[in-house]
>>> print(open('data_8.txt').read())   # compact mmCIF, C-alpha atoms and all ligand atoms
# COMPACT_ATOMS: atom_id res chain seq x y z
CA MET A 1302 1.22 -205.33 -145.63
CA THR A 1303 -2.12 -203.53 -145.31
CA HIS A 1304 -2.56 -200.47 -143.11
CA GLU A 1305 -4.63 -202.44 -140.59
CA THR A 1306 -2.14 -205.35 -140.40
CA LYS A 1307 0.64 -202.89 -139.77
CA VAL A 1308 -1.37 -201.23 -136.98
CA GLN A 1309 -2.08 -204.59 -135.32
CA GLN A 1310 1.55 -205.72 -135.50
CA LEU A 1311 2.75 -202.42 -134.14
CA ALA A 1312 0.15 -202.57 -131.35
CA ALA A 1313 1.55 -206.00 -130.41
CA LEU A 1314 5.02 -204.49 -130.29
CA PHE A 1315 3.80 -201.68 -128.01
CA ARG A 1316 2.14 -204.25 -125.73
CA GLU A 1317 5.39 -206.22 -125.60
CA ALA A 1318 7.29 -203.01 -124.76
CA GLY A 1319 4.75 -202.24 -122.02
CA GLU A 1320 5.23 -205.67 -120.46
CA ALA A 1321 9.03 -205.43 -120.67
CA HIS A 1322 8.89 -201.97 -119.10
CA HIS A 1323 6.71 -203.22 -116.27
CA GLN A 1324 9.17 -206.06 -115.60
CA ALA A 1325 12.04 -203.58 -115.56
CA PHE A 1326 10.19 -201.33 -113.10
CA LEU A 1327 8.56 -203.93 -110.85
CA GLU A 1328 9.83 -202.19 -107.74
CA THR A 1329 7.90 -199.03 -108.55
CA ASP A 1330 4.92 -200.93 -110.03
CA GLY A 1331 5.73 -199.56 -113.48
CA VAL A 1332 6.06 -195.95 -112.39
CA ASP A 1333 8.88 -194.29 -114.32
CA PRO A 1334 8.89 -190.54 -115.03
CA GLU A 1335 11.37 -191.17 -117.87
CA TRP A 1336 9.24 -193.91 -119.44
CA ALA A 1337 9.47 -192.41 -122.95
CA LEU A 1338 13.27 -192.64 -122.91
CA TRP A 1339 13.07 -196.29 -121.89
CA TYR A 1340 10.48 -197.11 -124.57
CA ALA A 1341 12.47 -195.27 -127.26
CA GLU A 1342 15.52 -197.37 -126.51
CA TYR A 1343 13.48 -200.59 -126.49
CA LEU A 1344 11.57 -199.78 -129.67
CA HIS A 1345 14.22 -198.10 -131.80
CA ASP A 1346 15.57 -201.13 -133.70
CA ARG A 1347 12.33 -203.12 -133.49
CA LEU A 1348 10.33 -200.31 -135.15
CA ALA A 1349 12.45 -200.03 -138.29
CA GLN A 1350 10.31 -202.36 -140.42
CA PHE A 1351 7.18 -200.26 -139.83
CA LEU A 1352 8.61 -196.89 -140.80
CA ALA A 1353 9.13 -195.10 -144.08
CA ALA A 1354 12.54 -193.78 -143.04
CA PRO A 1355 14.96 -194.23 -140.13
CA ILE A 1356 14.01 -192.40 -136.95
CA THR A 1357 16.21 -191.07 -134.16
CA ARG A 1358 15.65 -192.01 -130.53
CA SER A 1359 14.96 -188.34 -129.73
CA ARG A 1360 12.20 -188.22 -132.32
CA LEU A 1361 10.77 -191.44 -130.93
CA VAL A 1362 10.61 -189.88 -127.47
CA PHE A 1363 8.79 -186.91 -129.00
CA CYS A 1364 6.30 -189.16 -130.83
CA LEU A 1365 5.67 -191.30 -127.74
CA ILE A 1366 4.92 -188.28 -125.58
CA GLY A 1367 2.69 -186.84 -128.32
CA ALA A 1368 0.75 -190.11 -128.57
CA ASP A 1369 0.37 -190.26 -124.78
CA GLU A 1370 -0.88 -186.65 -124.55
CA GLU A 1371 -3.31 -187.14 -127.41
CA HIS A 1372 -4.63 -190.40 -125.96
CA ARG A 1373 -5.46 -188.54 -122.75
CA ALA A 1374 -6.79 -185.40 -124.47
CA THR A 1375 -9.23 -187.32 -126.67
CA GLU A 1376 -10.26 -189.57 -123.74
CA SER A 1377 -10.19 -192.36 -126.30
CA SER A 1378 -11.59 -195.74 -125.27
CA THR A 1379 -9.04 -197.41 -127.56
CA PRO A 1380 -6.39 -199.21 -125.47
CA TRP A 1381 -3.12 -197.32 -125.52
CA PRO A 1382 -1.10 -199.88 -127.61
CA GLU A 1383 -3.63 -199.70 -130.48
CA TYR A 1384 -3.93 -195.94 -130.13
CA TYR A 1385 -0.16 -195.40 -130.27
CA ALA A 1386 0.17 -197.89 -133.14
CA ARG A 1387 -2.40 -196.08 -135.26
CA ARG A 1388 -0.81 -192.73 -134.57
CA PHE A 1389 2.69 -194.01 -135.35
CA VAL A 1390 1.64 -195.63 -138.62
CA GLU A 1391 -0.21 -192.47 -139.56
CA CYS A 1392 2.67 -190.17 -138.68
CA LEU A 1393 5.66 -192.19 -139.70
CA GLY A 1394 4.68 -195.07 -141.93
CA PRO A 1395 4.40 -195.00 -145.71
CA ALA A 1396 0.87 -194.89 -147.10
CA GLU A 1397 -0.37 -197.89 -149.06
CA GLU A 1398 -1.66 -196.03 -152.13
CA PRO A 1399 -0.61 -192.43 -151.56
CA ALA A 1400 -1.46 -191.30 -155.08
CA GLU A 1401 -5.12 -192.11 -154.41
CA ASP A 1402 -5.33 -190.28 -151.08
CA ARG A 1403 -7.10 -186.94 -150.67
CA LEU A 1404 -5.17 -184.44 -148.60
CA ALA A 1405 -6.59 -181.57 -146.53
CA LEU A 1406 -4.55 -179.25 -144.34
CA TYR A 1407 -6.11 -177.68 -141.23
CA TYR A 1408 -4.30 -174.40 -140.61
CA PHE A 1409 -4.70 -170.69 -140.01
CA ASP A 1410 -2.99 -167.62 -141.43
CA GLY A 1411 -0.04 -166.36 -139.43
CA CYS A 1412 0.78 -169.75 -137.90
CA PRO A 1413 4.52 -170.28 -138.45
CA PHE A 1414 4.30 -174.06 -138.17
CA CYS A 1415 1.60 -174.04 -140.85
CA VAL A 1416 3.86 -171.97 -143.11
CA ARG A 1417 6.48 -174.71 -142.86
CA VAL A 1418 3.97 -177.24 -144.21
CA LEU A 1419 2.55 -174.87 -146.82
CA ARG A 1420 6.05 -174.34 -148.20
CA ALA A 1421 6.52 -178.08 -148.61
CA VAL A 1422 3.10 -178.39 -150.24
CA ASP A 1423 4.07 -175.66 -152.74
CA ALA A 1424 7.51 -177.10 -153.41
CA LEU A 1425 6.02 -180.53 -154.10
CA ARG A 1426 3.15 -179.00 -156.13
CA LEU A 1427 0.65 -181.06 -154.21
CA ASP A 1428 -3.09 -180.85 -154.51
CA VAL A 1429 -4.00 -180.16 -150.89
CA GLU A 1430 -7.33 -178.66 -149.80
CA LEU A 1431 -6.61 -175.81 -147.40
CA ARG A 1432 -9.00 -175.67 -144.46
CA ASN A 1433 -8.62 -172.47 -142.49
CA ILE A 1434 -10.02 -173.25 -139.03
CA TYR A 1435 -10.82 -169.61 -138.26
CA GLU A 1436 -12.65 -168.96 -141.51
CA ASN A 1437 -14.84 -172.02 -141.31
CA ARG A 1438 -16.26 -173.19 -138.00
CA ASP A 1439 -16.92 -176.68 -139.42
CA HIS A 1440 -13.21 -177.19 -139.99
CA LEU A 1441 -12.46 -176.19 -136.41
CA ASN A 1442 -15.13 -178.55 -135.08
CA GLU A 1443 -13.98 -181.48 -137.23
CA LEU A 1444 -10.45 -180.99 -135.98
CA ARG A 1445 -11.51 -180.81 -132.34
CA ALA A 1446 -13.71 -183.91 -132.69
CA ALA A 1447 -10.92 -185.92 -134.28
CA ARG A 1448 -8.04 -184.85 -132.08
CA GLY A 1449 -9.45 -183.44 -128.87
CA ARG A 1450 -7.53 -180.22 -129.49
CA THR A 1451 -7.30 -177.58 -132.20
CA THR A 1452 -3.54 -177.16 -132.54
CA VAL A 1453 -2.54 -176.79 -136.17
CA PRO A 1454 -1.16 -177.72 -138.63
CA VAL A 1455 -2.86 -181.09 -139.06
CA LEU A 1456 -2.92 -183.02 -142.31
CA ARG A 1457 -6.03 -185.10 -142.94
CA ILE A 1458 -5.36 -187.98 -145.29
CA THR A 1459 -8.46 -189.65 -146.69
CA SER A 1460 -7.99 -192.99 -148.44
CA PRO A 1461 -10.17 -194.03 -151.37
CA ASN A 1462 -12.12 -196.31 -148.97
CA GLY A 1463 -13.01 -193.23 -146.90
CA GLU A 1464 -10.69 -194.01 -144.01
CA ASP A 1465 -9.26 -190.88 -142.40
CA ARG A 1466 -5.82 -190.44 -140.88
CA TRP A 1467 -5.04 -187.28 -138.95
CA MET A 1468 -1.40 -186.27 -138.87
CA PRO A 1469 -0.30 -183.50 -136.46
CA GLU A 1470 3.16 -181.93 -136.08
CA SER A 1471 4.59 -179.79 -138.87
CA ALA A 1472 7.88 -181.71 -138.93
CA ASP A 1473 6.08 -185.07 -139.24
CA ILE A 1474 3.81 -183.71 -141.97
CA VAL A 1475 6.71 -182.30 -144.02
CA ARG A 1476 8.65 -185.50 -143.54
CA TYR A 1477 5.65 -187.59 -144.61
CA LEU A 1478 4.95 -185.46 -147.68
CA GLN A 1479 8.56 -185.55 -148.77
CA ALA A 1480 8.93 -189.29 -148.19
CA THR A 1481 5.65 -190.04 -149.95
CA TYR A 1482 5.56 -187.56 -152.81
CA GLY A 1483 9.18 -186.63 -153.47
CA GLN A 1484 12.23 -185.02 -151.97
CA VAL A 1485 12.50 -181.26 -151.54
CA ALA A 1486 14.26 -178.94 -149.15
CA ALA A 1487 11.51 -177.24 -147.14
N1 LIG B 1501 4.87 -178.70 -132.57
C1 LIG B 1501 3.73 -178.26 -133.33
C2 LIG B 1501 3.39 -176.86 -132.88
C3 LIG B 1501 2.08 -176.40 -133.47
C4 LIG B 1501 1.61 -175.11 -132.82
O1 LIG B 1501 2.12 -174.67 -131.78
N2 LIG B 1501 0.61 -174.50 -133.45
C5 LIG B 1501 0.02 -173.29 -132.93
C6 LIG B 1501 -0.19 -172.28 -134.06
S1 LIG B 1501 1.33 -171.86 -134.88
C7 LIG B 1501 -1.37 -173.57 -132.40
O2 LIG B 1501 -2.17 -174.21 -133.04
N3 LIG B 1501 -1.64 -173.09 -131.17
C8 LIG B 1501 -2.94 -173.16 -130.58
C9 LIG B 1501 -3.19 -174.46 -129.88
O3 LIG B 1501 -2.25 -175.23 -129.60
O4 LIG B 1501 -4.37 -174.75 -129.61
C10 LIG B 1501 4.05 -178.31 -134.82
O5 LIG B 1501 5.25 -178.25 -135.17
O6 LIG B 1501 3.13 -178.49 -135.63
>>> encode(input="data_8.txt", output="structure tokens")
Amino acid sequence: MTHETKVQQLAALFREAGEAHHQAFLETDGVDPEWALWYAEYLHDRLAQFLAAPITRSRLVFCLIGADEEHRATESSTPWPEYYARRFVECLGPAEEPAEDRLALYYFDGCPFCVRVLRAVDALRLDVELRNIYENRDHLNELRAARGRTTVPVLRITSPNGEDRWMPESADIVRYLQATYGQVAA
């Protein structure tokens, strides 16, 4: 399955979840402060085919809230199901041709979450371009333009066709690197 097919199928699943949620919360017109818990339960088993490794419901809640916050922060015009789908495939799905991807890590010195990723990069002996956002203003600006915020670490994965995927969250990045390039204790 290509990256784009996976995104479209996952977007359809998010749309289906949205409709099911709305049905379940008709009385409040869809308003549900615990929406992420509901979605995690609905999606957990249905998501398995899209992911590189099994995911817990707690992690799903975390990813859903992250996708929601990022969708708002970037003021993206992409409808939320597509936006979430892209972010989920980027964060949790296996890459199509990982060996051909170029990797760049946006980080800064003294950031403990960045250290977590840097340790995994070292342990896996990966060729990752390190982009310190406080030493190079361009890196900071690229990051802000792509994500609407400058929280690091963020892994930028560039496919041979030039398509970029931006992966935030140190735990997701380590998990992705380990699942894609080998298994190490980080
Ligand atoms: N949950 C995130 C936390 C990342 C985080 O808090 N990064 C800090 C630096 S260590 C940061 O960028 N703070 C500034 C900001 O959020 O703009 C992760 O695990 O990657």
>>> closest_residue(input="data_8.txt", among="A:Arg1420, A:Ala1446, A:Gly1463, A:Ala1368", to="Val1390 (chain A)", atoms="all atoms listed in the file")
A:Ala1368
>>> residues_around(input="data_8.txt", residues="Glu1391 (chain A)", least_positions_apart="4", cutoff="7 Å", atoms="only C-alpha atoms", output="list in words")
Arg1387, Arg1466 and Met1468 of chain A
>>> residues_near_ligand(input="data_8.txt", ligand="ligand LIG 1501 (chain B)", cutoff="10 Å", atoms="only C-alpha atoms and all ligand atoms", output="ChimeraX atom specification")
/A:1363,1367,1407-1418,1434,1445,1450-1455,1468-1475
>>> closest_residue(input="data_8.txt", among="A:Thr1379, A:Ala1386, A:Asn1437, A:Leu1393", to="Ala1349 (chain A)", atoms="only C-alpha atoms")
A:Leu1393
>>> residues_around(input="data_8.txt", residues="Ile1356 (chain A)", least_positions_apart="3", cutoff="12 Å", atoms="all atoms listed in the file", output="list in words")
Ala1341, Glu1342, Leu1344, His1345, Asp1346, Arg1347, Leu1348, Ala1349, Gln1350, Phe1351, Leu1352, Ala1353, Ser1359, Arg1360, Leu1361, Val1362, Phe1363, Cys1364, Phe1389, Cys1392, Leu1393, Gly1394, Asp1473 and Arg1476 of chain A
>>> atom_distance(input="data_8.txt", atom1="CA of Ser1460 (chain A)", atom2="CA of Ala1421 (chain A)")
20.8 Å
>>> atom_distance(input="data_8.txt", atom1="CA of Asp1439 (chain A)", atom2="CA of Ala1374 (chain A)")
20.1 Å
>>> closest_residue(input="data_8.txt", among="A:His1440, A:His1323, A:Arg1448, A:Lys1307", to="Glu1371 (chain A)", atoms="all atoms listed in the file")
A:Arg1448
>>> closest_residue(input="data_8.txt", among="A:Gly1483, A:Pro1461, A:Pro1382, A:Gly1319", to="Leu1427 (chain A)", atoms="all atoms listed in the file")
A:Gly1483
>>> closest_residue(input="data_8.txt", among="A:Tyr1477, A:Tyr1385, A:Ala1354, A:Tyr1343", to="Glu1317 (chain A)", atoms="only C-alpha atoms")
A:Tyr1343
>>> decode(input="data_8.txt", residues="region 1443-1456 of chain A", atoms="all heavy atoms", output="short mmCIF file (atom, residue, chain, number, x, y, z; two decimals), in the first residue's frame")
data_model
loop_
_atom_site.label_atom_id
_atom_site.label_comp_id
_atom_site.auth_asym_id
_atom_site.auth_seq_id
_atom_site.Cartn_x
_atom_site.Cartn_y
_atom_site.Cartn_z
N GLU A 1443 11.82 27.02 9.38
CA GLU A 1443 11.25 25.86 8.66
C GLU A 1443 10.32 25.08 9.59
O GLU A 1443 9.23 24.67 9.21
CB GLU A 1443 12.36 24.88 8.24
CG GLU A 1443 13.25 25.34 7.09
CD GLU A 1443 14.62 24.65 7.13
OE1 GLU A 1443 14.78 23.61 7.83
OE2 GLU A 1443 15.53 25.17 6.47
N LEU A 1444 10.81 24.90 10.81
CA LEU A 1444 10.04 24.12 11.79
C LEU A 1444 8.72 24.81 12.10
O LEU A 1444 7.66 24.19 12.12
CB LEU A 1444 10.89 23.96 13.05
CG LEU A 1444 10.32 23.09 14.15
CD1 LEU A 1444 10.13 21.67 13.68
CD2 LEU A 1444 11.26 23.10 15.36
N ARG A 1445 8.79 26.12 12.32
CA ARG A 1445 7.58 26.87 12.66
C ARG A 1445 6.59 26.83 11.49
O ARG A 1445 5.39 26.63 11.68
CB ARG A 1445 7.92 28.31 13.02
CG ARG A 1445 6.71 29.06 13.55
CD ARG A 1445 6.97 30.51 13.88
NE ARG A 1445 7.80 30.70 15.05
CZ ARG A 1445 8.99 31.26 15.05
NH1 ARG A 1445 9.53 31.69 13.92
NH2 ARG A 1445 9.67 31.43 16.16
N ALA A 1446 7.11 26.98 10.27
CA ALA A 1446 6.23 26.97 9.10
C ALA A 1446 5.54 25.62 8.93
O ALA A 1446 4.36 25.55 8.58
CB ALA A 1446 7.03 27.32 7.85
N ALA A 1447 6.27 24.56 9.22
CA ALA A 1447 5.70 23.22 9.00
C ALA A 1447 4.73 22.83 10.09
O ALA A 1447 3.76 22.13 9.84
CB ALA A 1447 6.82 22.18 8.91
N ARG A 1448 5.01 23.26 11.33
CA ARG A 1448 4.26 22.70 12.45
C ARG A 1448 3.47 23.74 13.25
O ARG A 1448 2.71 23.37 14.14
CB ARG A 1448 5.19 21.93 13.40
CG ARG A 1448 5.95 20.81 12.69
CD ARG A 1448 6.32 19.69 13.60
NE ARG A 1448 5.18 19.13 14.26
CZ ARG A 1448 4.87 19.26 15.56
NH1 ARG A 1448 5.64 19.98 16.35
NH2 ARG A 1448 3.81 18.69 16.07
N GLY A 1449 3.69 25.00 12.98
CA GLY A 1449 2.96 26.02 13.71
C GLY A 1449 3.45 26.22 15.12
O GLY A 1449 2.85 26.93 15.92
N ARG A 1450 4.55 25.54 15.46
CA ARG A 1450 5.16 25.67 16.78
C ARG A 1450 6.63 25.24 16.66
O ARG A 1450 7.01 24.64 15.64
CB ARG A 1450 4.45 24.81 17.81
CG ARG A 1450 4.46 23.33 17.45
CD ARG A 1450 3.80 22.47 18.49
NE ARG A 1450 2.38 22.73 18.54
CZ ARG A 1450 1.53 22.03 19.31
NH1 ARG A 1450 1.98 21.08 20.09
NH2 ARG A 1450 0.24 22.28 19.29
N THR A 1451 7.41 25.53 17.68
CA THR A 1451 8.85 25.23 17.55
C THR A 1451 9.32 24.23 18.60
O THR A 1451 10.51 24.13 18.88
CB THR A 1451 9.69 26.53 17.65
OG1 THR A 1451 9.39 27.16 18.89
CG2 THR A 1451 9.38 27.47 16.51
N THR A 1452 8.39 23.51 19.17
CA THR A 1452 8.76 22.47 20.14
C THR A 1452 9.63 21.41 19.45
O THR A 1452 9.33 21.00 18.33
CB THR A 1452 7.49 21.80 20.70
OG1 THR A 1452 6.65 22.80 21.25
CG2 THR A 1452 7.83 20.78 21.78
N VAL A 1453 10.71 21.04 20.11
CA VAL A 1453 11.58 20.00 19.59
C VAL A 1453 11.67 18.87 20.62
O VAL A 1453 11.35 19.08 21.79
CB VAL A 1453 13.00 20.57 19.30
CG1 VAL A 1453 12.98 21.46 18.08
CG2 VAL A 1453 13.58 21.29 20.50
N PRO A 1454 12.09 17.67 20.23
CA PRO A 1454 12.63 17.30 18.92
C PRO A 1454 11.54 17.05 17.88
O PRO A 1454 10.44 16.66 18.21
CB PRO A 1454 13.35 15.98 19.23
CG PRO A 1454 12.53 15.38 20.34
CD PRO A 1454 12.11 16.54 21.19
N VAL A 1455 11.92 17.26 16.62
CA VAL A 1455 11.08 16.88 15.48
C VAL A 1455 11.99 16.24 14.43
O VAL A 1455 13.05 16.78 14.10
CB VAL A 1455 10.37 18.10 14.87
CG1 VAL A 1455 9.65 17.72 13.58
CG2 VAL A 1455 9.37 18.70 15.85
N LEU A 1456 11.57 15.09 13.96
CA LEU A 1456 12.32 14.40 12.90
C LEU A 1456 11.67 14.73 11.57
O LEU A 1456 10.46 14.55 11.41
CB LEU A 1456 12.30 12.88 13.14
CG LEU A 1456 13.11 12.04 12.15
CD1 LEU A 1456 14.61 12.27 12.35
CD2 LEU A 1456 12.78 10.55 12.30
#
